[in-house]
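Engineer: Compact mmCIF, C-alpha atoms, saved as query.txt, coming up:
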# COMPACT_ATOMS: atom_id res chain seq x y z
CA MET A 1 -6.16 7.49 36.15
CA SER A 2 -2.67 6.42 37.11
CA GLU A 3 0.48 7.84 35.55
CA ILE A 4 1.31 4.41 34.10
CA ASN A 5 -2.01 4.17 32.29
CA ARG A 6 -1.72 7.77 31.10
CA LYS A 7 1.30 6.77 29.06
CA THR A 8 0.03 3.71 27.20
CA ALA A 9 -1.09 3.86 23.60
CA ALA A 10 -2.40 1.41 21.00
CA VAL A 11 -2.32 1.99 17.26
CA CYS A 12 -4.44 0.43 14.51
CA THR A 13 -3.59 1.00 10.84
CA MET A 14 -6.14 0.73 8.06
CA GLY A 15 -5.54 0.95 4.33
CA CYS A 16 -2.49 1.60 2.23
CA LYS A 17 1.30 1.48 2.53
CA VAL A 18 1.38 5.25 3.01
CA ASN A 19 -0.80 4.85 6.09
CA SER A 20 1.54 2.11 7.35
CA TYR A 21 4.49 4.46 7.00
CA GLU A 22 2.66 7.30 8.72
CA SER A 23 1.52 5.02 11.55
CA GLN A 24 5.14 4.06 12.17
CA GLY A 25 6.01 7.75 12.21
CA MET A 26 3.28 8.45 14.79
CA ILE A 27 4.35 5.44 16.87
CA GLU A 28 7.84 6.90 17.08
CA LEU A 29 6.36 10.29 18.06
CA LEU A 30 4.40 8.61 20.86
CA GLU A 31 7.45 6.69 22.07
CA ARG A 32 9.58 9.82 22.14
CA ASP A 33 6.88 11.45 24.26
CA GLY A 34 7.15 8.64 26.79
CA TYR A 35 4.27 6.38 25.75
CA THR A 36 4.47 2.62 26.03
CA LEU A 37 2.90 0.91 23.01
CA VAL A 38 0.53 -1.97 23.68
CA ASP A 39 -1.46 -4.26 21.42
CA PHE A 40 -4.71 -2.77 20.13
CA SER A 41 -6.69 -5.51 21.86
CA GLU A 42 -5.39 -4.40 25.27
CA PRO A 43 -6.58 -1.58 27.56
CA ALA A 44 -4.81 1.70 26.79
CA ASP A 45 -5.15 5.35 27.63
CA VAL A 46 -4.82 6.48 24.01
CA TYR A 47 -6.17 4.59 21.01
CA LEU A 48 -5.03 5.86 17.62
CA ILE A 49 -6.86 4.61 14.52
CA ASN A 50 -5.19 5.61 11.25
CA THR A 51 -8.25 5.45 9.01
CA CYS A 52 -8.92 4.69 5.36
CA THR A 53 -11.78 5.67 3.08
CA VAL A 54 -10.74 4.40 -0.34
CA THR A 55 -13.88 2.22 -0.45
CA GLN A 56 -17.08 2.01 1.57
CA ILE A 57 -15.78 -1.26 3.06
CA ALA A 58 -12.58 0.46 4.19
CA ALA A 59 -14.58 3.29 5.75
CA ARG A 60 -16.85 0.82 7.55
CA LYS A 61 -13.87 -1.11 8.93
CA SER A 62 -12.36 2.15 10.15
CA ARG A 63 -15.56 2.97 12.04
CA GLN A 64 -15.65 -0.54 13.50
CA MET A 65 -12.13 -0.20 14.88
CA ILE A 66 -13.03 3.17 16.41
CA HIS A 67 -16.03 1.63 18.18
CA ARG A 68 -13.88 -1.29 19.32
CA ALA A 69 -11.43 1.12 20.92
CA ARG A 70 -14.23 2.89 22.75
CA ASN A 71 -15.52 -0.44 24.08
CA LEU A 72 -12.06 -1.54 25.23
CA ASN A 73 -11.71 1.52 27.47
CA PRO A 74 -14.60 4.02 27.63
CA GLU A 75 -12.33 6.45 29.48
CA ALA A 76 -9.57 6.38 26.87
CA LEU A 77 -8.74 9.19 24.48
CA VAL A 78 -9.86 7.85 21.09
CA VAL A 79 -7.98 9.54 18.25
CA ALA A 80 -8.81 9.06 14.57
CA ALA A 81 -6.36 10.22 11.93
CA GLY A 82 -6.22 10.06 8.17
CA CYS A 83 -8.45 9.92 5.16
CA TYR A 84 -11.77 8.97 6.74
CA VAL A 85 -11.73 11.90 9.16
CA ASP A 86 -10.60 14.26 6.39
CA ARG A 87 -13.65 13.20 4.41
CA ASP A 88 -16.26 13.00 7.17
CA ASP A 89 -16.34 15.04 10.39
CA SER A 90 -19.48 13.35 11.74
CA LEU A 91 -17.49 11.07 14.07
CA LEU A 92 -16.17 14.07 15.95
CA LYS A 93 -19.48 15.94 15.93
CA GLU A 94 -21.32 12.90 17.27
CA GLY A 95 -18.75 12.29 19.99
CA VAL A 96 -17.71 8.90 18.63
CA ILE A 97 -14.09 10.05 18.75
CA ASP A 98 -12.38 12.56 21.01
CA LEU A 99 -9.87 13.89 18.56
CA ALA A 100 -9.52 14.06 14.76
CA VAL A 101 -6.06 14.52 13.27
CA PRO A 102 -6.05 15.44 9.55
CA ASN A 103 -3.59 13.85 7.16
CA ARG A 104 -1.50 17.00 6.90
CA ARG A 105 -1.16 17.27 10.68
CA LYS A 106 -0.18 13.69 11.59
CA LYS A 107 3.29 15.04 12.31
CA ASP A 108 1.68 17.15 15.05
CA LEU A 109 -0.02 14.23 16.81
CA ILE A 110 1.50 14.99 20.21
CA LEU A 111 0.56 18.66 19.89
CA TYR A 112 -3.04 17.64 19.20
CA ILE A 113 -3.14 15.24 22.16
CA GLU A 114 -1.65 17.78 24.55
CA ALA A 115 -4.03 20.51 23.37
CA LYS A 116 -7.01 18.20 23.81
CA ARG A 117 -5.97 17.16 27.31
CA ALA A 118 -5.40 20.79 28.31
CA GLY A 119 -8.71 21.92 26.83
CA LYS A 120 -6.95 24.25 24.40
CA GLU A 121 -8.03 25.13 20.88
CA LEU A 122 -6.75 22.64 18.30
CA PRO A 123 -4.61 23.85 15.40
CA ASP A 124 -6.24 24.01 11.98
CA PRO A 125 -4.69 22.17 9.04
CA ASP A 126 -2.68 24.41 6.74
CA GLU A 127 -3.22 23.23 3.18
CA THR A 128 -0.48 25.59 1.94
CA GLU A 129 2.31 24.07 4.01
CA PRO A 130 5.07 22.15 2.21
CA TYR A 131 5.61 18.41 2.29
CA THR A 132 4.46 17.01 5.62
CA GLU A 133 7.59 16.46 7.69
CA MET A 134 7.48 12.96 9.09
CA ALA A 135 10.32 10.48 9.35
CA ILE A 136 10.89 6.99 10.68
CA SER A 137 14.02 5.31 11.98
CA ARG A 138 13.03 1.66 11.77
CA ALA A 139 10.60 -0.67 10.04
CA GLU A 140 7.20 -1.48 11.49
CA GLY A 141 7.40 -4.28 14.05
CA GLY A 142 11.17 -4.57 13.66
CA ARG A 143 10.84 -6.10 10.20
CA THR A 144 13.63 -6.08 7.64
CA ARG A 145 11.36 -4.51 4.97
CA ALA A 146 10.53 -0.83 5.49
CA PHE A 147 8.14 1.53 3.72
CA LEU A 148 9.59 4.89 2.72
CA LYS A 149 7.03 7.55 1.86
CA VAL A 150 8.41 9.86 -0.81
CA GLN A 151 5.29 11.58 -2.09
CA ASP A 152 1.79 12.64 -1.07
CA GLY A 153 -1.32 13.91 -2.83
CA CYS A 154 -2.73 13.29 -6.30
CA ARG A 155 -3.80 15.29 -9.35
CA GLN A 156 -5.32 12.45 -11.35
CA PHE A 157 -8.98 12.80 -10.23
CA CYS A 158 -10.16 9.41 -11.42
CA THR A 159 -13.94 9.61 -11.41
CA TYR A 160 -14.37 6.82 -8.83
CA CYS A 161 -11.72 8.01 -6.36
CA ILE A 162 -12.11 10.21 -3.28
CA ILE A 163 -8.40 10.26 -2.42
CA PRO A 164 -7.41 13.51 -4.23
CA TYR A 165 -10.02 15.30 -2.13
CA VAL A 166 -8.78 13.93 1.21
CA ARG A 167 -5.03 13.82 0.53
CA GLY A 168 -4.73 17.19 -1.14
CA PRO A 169 -2.41 18.42 -3.89
CA LEU A 170 0.70 16.72 -5.17
CA LEU A 171 3.72 17.07 -2.87
CA SER A 172 7.07 15.37 -3.41
CA ARG A 173 9.60 14.92 -0.66
CA PRO A 174 13.02 16.40 -1.48
CA MET A 175 15.24 13.66 -2.86
CA GLU A 176 18.07 14.27 -0.38
CA GLU A 177 15.64 13.67 2.51
CA CYS A 178 14.42 10.42 0.95
CA VAL A 179 17.98 9.19 0.47
CA GLU A 180 18.96 10.13 4.02
CA GLU A 181 16.02 8.26 5.52
CA ALA A 182 16.81 5.23 3.34
CA ARG A 183 20.36 5.36 4.74
CA ILE A 184 19.09 5.48 8.34
CA LEU A 185 16.71 2.59 7.74
CA SER A 186 19.33 0.43 6.05
CA GLU A 187 21.81 1.05 8.85
CA ALA A 188 19.09 0.04 11.33
CA GLY A 189 18.88 -3.36 9.66
CA CYS A 190 16.25 -2.84 6.94
CA ARG A 191 17.41 -4.87 3.99
CA GLU A 192 14.59 -3.85 1.68
CA ILE A 193 13.22 -0.34 1.08
CA VAL A 194 9.73 -0.03 -0.41
CA LEU A 195 9.17 3.35 -2.06
CA THR A 196 5.58 4.43 -1.66
CA GLY A 197 3.29 7.40 -2.14
CA ILE A 198 -0.29 8.29 -2.93
CA HIS A 199 0.66 8.61 -6.61
CA LEU A 200 4.25 7.42 -6.78
CA SER A 201 4.50 7.88 -10.54
CA SER A 202 4.08 11.65 -10.06
CA TYR A 203 7.16 11.95 -7.87
CA GLY A 204 9.11 15.08 -8.77
CA ARG A 205 6.52 16.78 -10.98
CA ASP A 206 5.81 19.52 -8.46
CA LEU A 207 9.53 19.91 -7.78
CA LYS A 208 10.12 20.40 -11.50
CA GLU A 209 7.67 23.30 -11.44
CA LYS A 210 10.01 24.89 -8.87
CA GLY A 211 13.08 24.32 -11.04
CA ILE A 212 14.23 21.12 -9.29
CA HIS A 213 14.62 18.36 -11.84
CA CYS A 214 14.26 14.83 -10.48
CA ASP A 215 11.86 11.96 -10.98
CA ALA A 216 11.22 8.45 -9.71
CA GLY A 217 14.08 7.08 -11.81
CA ASP A 218 16.57 9.53 -10.31
CA LEU A 219 15.36 8.68 -6.81
CA ILE A 220 15.74 4.94 -7.38
CA ALA A 221 19.29 5.41 -8.67
CA ALA A 222 20.25 7.60 -5.70
CA ILE A 223 18.95 5.14 -3.10
CA ALA A 224 20.52 2.21 -4.94
CA ALA A 225 23.90 3.90 -4.48
CA LEU A 226 23.65 3.36 -0.70
CA ASP A 227 25.89 0.44 0.26
CA LYS A 228 23.62 -1.12 2.89
CA VAL A 229 20.43 -1.00 0.83
CA GLU A 230 20.08 -4.48 -0.62
CA ARG A 231 16.66 -4.28 -2.28
CA ILE A 232 14.44 -1.50 -3.58
CA ARG A 233 10.81 -2.27 -4.22
CA LEU A 234 8.27 0.07 -5.78
CA GLY A 235 4.69 0.72 -4.74
CA SER A 236 1.82 1.07 -7.18
CA LEU A 237 2.70 2.70 -10.51
CA GLU A 238 0.87 4.15 -13.48
CA PRO A 239 1.63 2.30 -16.74
CA ARG A 240 2.57 5.61 -18.38
CA LEU A 241 5.71 5.72 -16.23
CA ILE A 242 7.06 2.56 -17.88
CA THR A 243 8.91 3.94 -20.86
CA PRO A 244 12.21 2.98 -22.50
CA GLU A 245 13.73 6.14 -20.99
CA PHE A 246 12.62 5.23 -17.47
CA LEU A 247 13.85 1.66 -17.82
CA GLU A 248 17.20 2.87 -19.13
CA LYS A 249 17.56 5.15 -16.11
CA ILE A 250 16.95 2.33 -13.61
CA SER A 251 18.81 -0.39 -15.51
CA GLY A 252 22.11 0.45 -13.83
CA THR A 253 21.20 -1.30 -10.58
CA ASP A 254 20.44 -4.90 -9.74
CA LYS A 255 18.91 -3.79 -6.41
CA LEU A 256 15.54 -2.93 -7.95
CA CYS A 257 13.14 -5.82 -7.42
CA PRO A 258 11.51 -7.24 -10.57
CA HIS A 259 8.01 -6.69 -9.21
CA PHE A 260 5.80 -3.97 -10.67
CA HIS A 261 2.26 -3.22 -9.56
CA LEU A 262 0.55 -1.43 -12.44
CA SER A 263 -2.99 -0.28 -11.67
CA LEU A 264 -5.19 -1.40 -14.56
CA GLN A 265 -8.73 -0.93 -13.14
CA SER A 266 -10.29 -2.02 -16.44
CA GLY A 267 -9.18 -3.69 -19.65
CA CYS A 268 -11.94 -1.93 -21.62
CA ASP A 269 -11.02 1.39 -23.23
CA ARG A 270 -14.54 2.77 -22.97
CA THR A 271 -14.54 2.13 -19.22
CA LEU A 272 -11.03 3.51 -18.81
CA LYS A 273 -12.16 6.76 -20.43
CA ALA A 274 -15.21 6.93 -18.16
CA MET A 275 -12.90 6.39 -15.17
CA ASN A 276 -10.65 9.25 -16.36
CA ARG A 277 -7.71 6.87 -16.47
CA LYS A 278 -5.16 8.52 -18.71
CA TYR A 279 -4.03 5.53 -20.77
CA THR A 280 -5.50 2.94 -23.11
CA SER A 281 -5.35 -0.82 -22.96
CA ASP A 282 -2.78 -0.76 -25.78
CA GLU A 283 -0.54 1.55 -23.75
CA PHE A 284 -0.90 -0.73 -20.73
CA ARG A 285 -0.05 -3.75 -22.89
CA GLU A 286 3.09 -1.99 -24.17
CA ALA A 287 4.21 -1.18 -20.60
CA VAL A 288 3.88 -4.83 -19.58
CA LYS A 289 5.76 -5.89 -22.71
CA LEU A 290 8.64 -3.54 -21.88
CA LEU A 291 8.87 -4.83 -18.31
CA ARG A 292 8.97 -8.44 -19.44
CA GLN A 293 11.69 -7.63 -21.94
CA HIS A 294 13.88 -5.93 -19.32
CA PHE A 295 13.39 -8.10 -16.23
CA PRO A 296 13.63 -11.92 -16.19
CA ASP A 297 10.88 -13.56 -14.11
CA VAL A 298 9.24 -10.17 -13.54
CA ALA A 299 5.99 -10.29 -11.58
CA VAL A 300 3.41 -7.84 -12.86
CA THR A 301 0.49 -7.39 -10.48
CA THR A 302 -2.57 -5.17 -10.73
CA ASP A 303 -5.93 -3.94 -9.45
CA VAL A 304 -9.22 -4.36 -11.34
CA ILE A 305 -12.64 -2.83 -10.63
CA ALA A 306 -15.73 -4.85 -11.55
CA GLY A 307 -19.05 -3.21 -12.31
CA PHE A 308 -18.04 0.41 -12.79
CA PRO A 309 -21.08 2.61 -13.53
CA GLY A 310 -22.07 2.28 -17.16
CA GLU A 311 -20.03 -0.90 -17.69
CA THR A 312 -22.04 -3.13 -20.01
CA GLU A 313 -21.74 -6.87 -20.23
CA GLU A 314 -19.73 -6.40 -23.43
CA ASP A 315 -17.38 -4.00 -21.61
CA HIS A 316 -16.93 -6.54 -18.83
CA LEU A 317 -16.13 -9.33 -21.28
CA GLU A 318 -13.59 -7.08 -22.99
CA SER A 319 -11.94 -6.35 -19.65
CA LEU A 320 -12.01 -10.03 -18.73
CA ALA A 321 -10.30 -10.99 -21.99
CA PHE A 322 -7.61 -8.35 -21.47
CA VAL A 323 -6.90 -9.52 -17.91
CA ARG A 324 -6.60 -13.10 -19.19
CA GLU A 325 -4.20 -11.96 -21.93
CA MET A 326 -1.93 -10.08 -19.50
CA GLY A 327 -1.31 -13.15 -17.30
CA PHE A 328 -0.80 -11.22 -14.08
CA ALA A 329 1.19 -12.85 -11.29
CA GLU A 330 -1.53 -11.61 -8.95
CA ALA A 331 -4.52 -9.28 -9.24
CA HIS A 332 -6.72 -7.64 -6.64
CA VAL A 333 -10.32 -7.54 -7.83
CA PHE A 334 -12.83 -5.18 -6.26
CA PRO A 335 -16.51 -4.64 -6.99
CA TYR A 336 -17.07 -0.94 -7.66
CA SER A 337 -17.65 0.94 -4.41
CA ARG A 338 -19.86 4.02 -4.68
CA MET A 339 -18.16 6.92 -2.90
CA GLU A 340 -20.22 10.04 -2.29
CA GLY A 341 -18.43 13.13 -3.52
CA THR A 342 -17.01 11.50 -6.65
CA VAL A 343 -18.17 11.92 -10.24
CA ALA A 344 -18.91 8.21 -10.65
CA ALA A 345 -21.21 8.16 -7.62
CA ARG A 346 -23.51 10.62 -9.41
CA LYS A 347 -23.78 8.57 -12.59
CA PRO A 348 -27.31 7.25 -13.16
CA ASP A 349 -26.26 3.96 -14.77
CA GLN A 350 -25.07 2.15 -11.64
CA VAL A 351 -24.49 -1.61 -12.04
CA SER A 352 -26.55 -3.86 -9.81
CA SER A 353 -24.95 -5.47 -6.77
CA ASP A 354 -25.59 -8.95 -8.15
CA ASP A 355 -23.87 -8.13 -11.44
CA LYS A 356 -20.90 -6.58 -9.65
CA LYS A 357 -20.49 -9.70 -7.52
CA ARG A 358 -20.79 -12.03 -10.53
CA ARG A 359 -18.29 -10.04 -12.59
CA SER A 360 -15.90 -10.00 -9.64
CA ARG A 361 -16.10 -13.79 -9.38
CA GLU A 362 -15.40 -14.17 -13.08
CA LEU A 363 -12.39 -11.87 -12.89
CA LEU A 364 -11.13 -13.67 -9.80
CA ALA A 365 -11.36 -17.02 -11.57
CA VAL A 366 -9.21 -15.72 -14.44
CA THR A 367 -6.64 -14.09 -12.15
CA ALA A 368 -6.43 -17.24 -10.04
CA GLN A 369 -5.53 -19.22 -13.17
CA SER A 370 -2.81 -16.73 -14.13
CA SER A 371 -1.43 -16.77 -10.57
CA VAL A 372 -1.12 -20.55 -10.69
CA ALA A 373 0.50 -20.37 -14.13
CA PHE A 374 3.05 -17.86 -12.86
CA MET A 375 3.88 -20.02 -9.84
CA GLU A 376 4.21 -23.10 -12.00
CA GLY A 377 6.60 -21.16 -14.22
CA MET A 378 8.83 -20.53 -11.20
CA GLN A 379 9.26 -24.24 -10.44
CA GLY A 380 12.88 -25.35 -10.42
CA LYS A 381 14.28 -21.82 -10.38
CA THR A 382 16.75 -20.55 -7.80
CA VAL A 383 15.93 -17.34 -5.92
CA LYS A 384 17.10 -15.46 -2.85
CA VAL A 385 14.63 -15.16 0.02
CA ILE A 386 14.83 -12.85 3.02
CA LEU A 387 13.05 -14.65 5.87
CA GLU A 388 10.40 -12.70 7.75
CA GLU A 389 8.24 -15.02 9.86
CA LYS A 390 7.12 -18.57 10.49
CA ASP A 391 3.82 -19.45 8.85
CA PRO A 392 1.51 -20.90 11.53
CA ASP A 393 -0.46 -23.03 9.07
CA THR A 394 2.39 -24.72 7.26
CA GLY A 395 5.29 -24.54 9.73
CA LEU A 396 7.40 -23.01 6.98
CA TRP A 397 9.67 -20.05 7.47
CA THR A 398 8.40 -17.53 4.93
CA GLY A 399 9.84 -14.54 3.16
CA TYR A 400 9.76 -12.89 -0.22
CA SER A 401 11.76 -13.34 -3.36
CA PRO A 402 12.83 -10.26 -5.33
CA ASN A 403 9.75 -10.68 -7.58
CA TYR A 404 7.54 -10.69 -4.46
CA MET A 405 6.64 -14.33 -4.43
CA ARG A 406 5.96 -15.51 -0.89
CA ILE A 407 8.20 -18.54 -0.36
CA GLY A 408 8.25 -20.97 2.52
CA VAL A 409 11.27 -23.04 3.55
CA MET A 410 11.25 -25.83 6.12
CA LEU A 411 14.25 -25.24 8.35
CA GLN A 412 15.72 -26.84 11.42
CA GLU A 413 17.10 -24.48 14.04
CA SER A 414 20.49 -26.12 13.66
CA GLN A 415 20.61 -25.12 9.99
CA SER A 416 20.80 -21.40 10.58
CA GLY A 417 20.75 -20.60 14.26
CA SER A 418 17.88 -19.55 16.48
CA ASP A 419 17.27 -16.07 15.06
CA LEU A 420 16.07 -16.68 11.52
CA GLN A 421 14.31 -13.37 10.85
CA GLY A 422 16.19 -11.27 8.32
CA GLN A 423 18.42 -14.07 7.07
CA GLU A 424 18.80 -14.36 3.32
CA LEU A 425 18.74 -17.86 1.87
CA GLU A 426 19.26 -19.16 -1.62
CA VAL A 427 16.53 -21.66 -2.37
CA ARG A 428 15.28 -23.75 -5.24
CA ILE A 429 11.52 -23.58 -5.78
CA CYS A 430 9.99 -27.05 -5.70
CA GLY A 431 6.22 -26.56 -5.36
CA TYR A 432 3.54 -24.45 -3.77
CA VAL A 433 0.91 -24.57 -1.05
CA ASN A 434 -2.46 -23.31 -2.28
CA LYS A 435 -4.43 -21.62 0.50
CA ARG A 436 -7.77 -20.63 -1.02
CA SER A 437 -10.18 -18.78 1.27
CA ALA A 438 -13.91 -18.61 0.70
CA ASN A 439 -13.98 -15.15 2.27
CA HIS A 440 -11.04 -13.77 0.31
CA ASP A 441 -12.63 -11.01 -1.76
CA ALA A 442 -9.51 -9.24 -3.00
CA SER A 443 -7.50 -11.98 -4.68
CA GLY A 444 -8.10 -15.39 -6.14
CA LEU A 445 -5.22 -17.06 -4.32
CA ASP A 446 -3.27 -16.81 -1.13
CA SER A 447 -0.44 -19.18 -1.89
CA ILE A 448 3.05 -19.95 -0.69
CA LEU A 449 5.75 -21.26 -2.99
CA LYS A 450 7.86 -23.97 -1.38
CA GLY A 451 11.63 -23.81 -1.58
CA GLU A 452 14.54 -26.09 -0.68
CA ARG A 453 17.61 -24.48 0.76
CA ILE A 454 20.66 -24.82 -1.44
Let me see whether you can do it: turn the structure in this file into structure tokens.
Structural biologist:
Amino acid sequence: MSEINRKTAAVCTMGCKVNSYESQGMIELLERDGYTLVDFSEPADVYLINTCTVTQIAARKSRQMIHRARNLNPEALVVAAGCYVDRDDSLLKEGVIDLAVPNRRKKDLILYIEAKRAGKELPDPDETEPYTEMAISRAEGGRTRAFLKVQDGCRQFCTYCIIPYVRGPLLSRPMEECVEEARILSEAGCREIVLTGIHLSSYGRDLKEKGIHCDAGDLIAAIAALDKVERIRLGSLEPRLITPEFLEKISGTDKLCPHFHLSLQSGCDRTLKAMNRKYTSDEFREAVKLLRQHFPDVAVTTDVIAGFPGETEEDHLESLAFVREMGFAEAHVFPYSRMEGTVAARKPDQVSSDDKKRRSRELLAVTAQSSVAFMEGMQGKTVKVILEEKDPDTGLWTGYSPNYMRIGVMLQESQSGSDLQGQELEVRICGYVNKRSANHDASGLDSILKGERI
């Protein structure tokens, strides 16, 4: 194989924001080693699939992308990294992939590739090592919004979730490292920093056990002090983090976006207890109330699981009523996915597939209504939008408001020059485009608010 081909690589990212961050980190490792990155649909010498296993669907899609890579170039080195390979080593044993890189060794990607090519023994993951050192210098694809991973691992052990077993124990990144990377990203042109982690709400708890006192609120305040950081957005949070004390700590900055994703999973207390979720519906309700008191036009979004083992029809109706009451700006609804190795997978009272699908549809119908209501409530308001791309369906330049509403603006090139990406516009919201998809199984709506430039 030619030297040119030996230095081409293609990367496919599955799953969460943490995986997106880590993929960017591995892309930069590959580039520093002399690789040229190509699109995943093109022939390459190295295919890297950063896998996900949060649901059976995610695991299946990861396997499909691995097989696609093999078909694109049978002679290529096919590398799988991440949660799926940490959970299941069958792909390597069966020869479906050439190389498996565990989560804790993604920083050593080049070492793994070189060892494989040289026929040397691969390093074993060290579960005792400190926070996985990985850093990025720019946003994925040159965007103006960058993910910043500040935490890894989870101690929650929800009964349906495999992630604590594949991501390992709680590890928080030292705050000074997080702030320094935020500075580098902002100076590289990233206008918005999205703080993310496997369990972001736990940031700092392990550091506290070592005598270092900091939490998510301290981290937000420190990053907000950077001059070139314009927006700070938070990844998924536990409702227990939303307390008057936390809100007081973060109230000193207007850089924090009024968008909070609180993972609900169920609005029924009996189901929440069976899930080992460590809050009640009343506590969740109080968290939402506090957010709406502190942040005008706040968007509260969530995740909901339909058909958890043991969920009765009465439990489902209770959850449905709670979701309706909360009036989420958007909700992702998932039928329960049975994951081997979890407590819930062993429960005998599994809900039938038909019931899970029906309950999902009912939850989606309610969340679609609340999404429309939230968008209608934004009509006539003025917001700032950072443009990201041109929507191919509508011809609108689209970006996100601080409360994470996707907004499209019809612009002429003469209005703002030829390079529109990254520009911030002040717009008045005047309507929305409703793009409902029959195959959209995670959310009731995929809509764009329309704005007029002021």
Engineer: Between A:Ala344, A:Ala139, A:Ile223, A:Ala80, which one has atoms that come closest to Cys190 in chain A, using all atoms listed in the file?
Structural biologist: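 Among the listed residues, A:Ala139 lies closest to Cys190 in chain A.
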Engineer: Quick one: residues within 6 Å of range 162-173 of chain A, only C-alpha atoms counted, chain neighbours fewer than 6 positions away excluded, as an MDAnalysis selection string?
Structural biologist: chainID A and resid 83 86:87 131 150:154 203:204
Engineer: For a cutoff of 8 Å around the file-coordinate point (-10.1, 10.6, 11.4), which residues qualify once you count all atoms listed in the file? I'd like the result as a list in words.
Structural biologist: Ile49, Asn50, Thr51, Val79, Ala80, Ala81, Gly82, Cys83, Tyr84, Val85, Asp86, Asp88, Asp89, Leu91, Leu99, Ala100, Val101 and Pro102 of chain A
Engineer: Any idea what's packed within 8 Å of range 296-311 of chain A, counting only C-alpha atoms, ignoring anything in its chain fewer than 3 positions away? Could you give it as a PDB file with C-alpha atoms, in the frame of the given file?
Structural biologist:
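Written out: out.pdb:
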ATOM      1  CA  PRO A 258      11.510  -7.240 -10.570  1.00  0.00           C
ATOM      2  CA  HIS A 259       8.010  -6.690  -9.210  1.00  0.00           C
ATOM      3  CA  PHE A 260       5.800  -3.970 -10.670  1.00  0.00           C
ATOM      4  CA  HIS A 261       2.260  -3.220  -9.560  1.00  0.00           C
ATOM      5  CA  LEU A 262       0.550  -1.430 -12.440  1.00  0.00           C
ATOM      6  CA  SER A 263      -2.990  -0.280 -11.670  1.00  0.00           C
ATOM      7  CA  LEU A 264      -5.190  -1.400 -14.560  1.00  0.00           C
ATOM      8  CA  GLN A 265      -8.730  -0.930 -13.140  1.00  0.00           C
ATOM      9  CA  SER A 266     -10.290  -2.020 -16.440  1.00  0.00           C
ATOM     10  CA  THR A 271     -14.540   2.130 -19.220  1.00  0.00           C
ATOM     11  CA  VAL A 288       3.880  -4.830 -19.580  1.00  0.00           C
ATOM     12  CA  LEU A 291       8.870  -4.830 -18.310  1.00  0.00           C
ATOM     13  CA  ARG A 292       8.970  -8.440 -19.440  1.00  0.00           C
ATOM     14  CA  GLN A 293      11.690  -7.630 -21.940  1.00  0.00           C
ATOM     15  CA  GLU A 314     -19.730  -6.400 -23.430  1.00  0.00           C
ATOM     16  CA  ASP A 315     -17.380  -4.000 -21.610  1.00  0.00           C
ATOM     17  CA  HIS A 316     -16.930  -6.540 -18.830  1.00  0.00           C
ATOM     18  CA  PHE A 328      -0.800 -11.220 -14.080  1.00  0.00           C
ATOM     19  CA  ALA A 329       1.190 -12.850 -11.290  1.00  0.00           C
ATOM     20  CA  GLU A 330      -1.530 -11.610  -8.950  1.00  0.00           C
ATOM     21  CA  ALA A 331      -4.520  -9.280  -9.240  1.00  0.00           C
ATOM     22  CA  HIS A 332      -6.720  -7.640  -6.640  1.00  0.00           C
ATOM     23  CA  VAL A 333     -10.320  -7.540  -7.830  1.00  0.00           C
ATOM     24  CA  PHE A 334     -12.830  -5.180  -6.260  1.00  0.00           C
ATOM     25  CA  PRO A 335     -16.510  -4.640  -6.990  1.00  0.00           C
ATOM     26  CA  TYR A 336     -17.070  -0.940  -7.660  1.00  0.00           C
ATOM     27  CA  ALA A 344     -18.910   8.210 -10.650  1.00  0.00           C
ATOM     28  CA  LYS A 347     -23.780   8.570 -12.590  1.00  0.00           C
ATOM     29  CA  PRO A 348     -27.310   7.250 -13.160  1.00  0.00           C
ATOM     30  CA  ASP A 349     -26.260   3.960 -14.770  1.00  0.00           C
ATOM     31  CA  GLN A 350     -25.070   2.150 -11.640  1.00  0.00           C
ATOM     32  CA  VAL A 351     -24.490  -1.610 -12.040  1.00  0.00           C
ATOM     33  CA  SER A 352     -26.550  -3.860  -9.810  1.00  0.00           C
ATOM     34  CA  ASP A 355     -23.870  -8.130 -11.440  1.00  0.00           C
ATOM     35  CA  LYS A 356     -20.900  -6.580  -9.650  1.00  0.00           C
ATOM     36  CA  LYS A 357     -20.490  -9.700  -7.520  1.00  0.00           C
ATOM     37  CA  ARG A 359     -18.290 -10.040 -12.590  1.00  0.00           C
ATOM     38  CA  SER A 360     -15.900 -10.000  -9.640  1.00  0.00           C
ATOM     39  CA  LEU A 363     -12.390 -11.870 -12.890  1.00  0.00           C
ATOM     40  CA  MET A 378       8.830 -20.530 -11.200  1.00  0.00           C
ATOM     41  CA  ASN A 403       9.750 -10.680  -7.580  1.00  0.00           C
ATOM     42  CA  TYR A 404       7.540 -10.690  -4.460  1.00  0.00           C
TER      43      TYR A 404
END
Engineer: What gap, in Å, lies between CA of Thr144 in chain A and CA of Glu181 in chain A?
Structural biologist: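 Between CA of Thr144 in chain A and CA of Glu181 in chain A the gap is 14.7 Å.
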Engineer: Pick the closest to Pro174 in chain A from A:Ser337, A:Glu114, A:Asp218, A:Ala146: which is it, counting only C-alpha atoms?
Structural biologist: A:Asp218
Engineer: Under the rule that all atoms listed in the file are counted, which of A:Gly189, A:Glu31, A:Ala69, A:Lys255 is the nearest residue to Gln423 in chain A?
Structural biologist: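 Using all atoms listed in the file, the shortest distance to Gln423 in chain A belongs to A:Gly189.
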Engineer: Give the answer as one residue: which of A:Ala287, A:Ile386, A:Ile212, A:Val229 has the shortest atom-to-atom distance to Leu425 in chain A, using all atoms listed in the file?
Structural biologist: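 The shortest atom-to-atom distance to Leu425 in chain A comes from A:Ile386.
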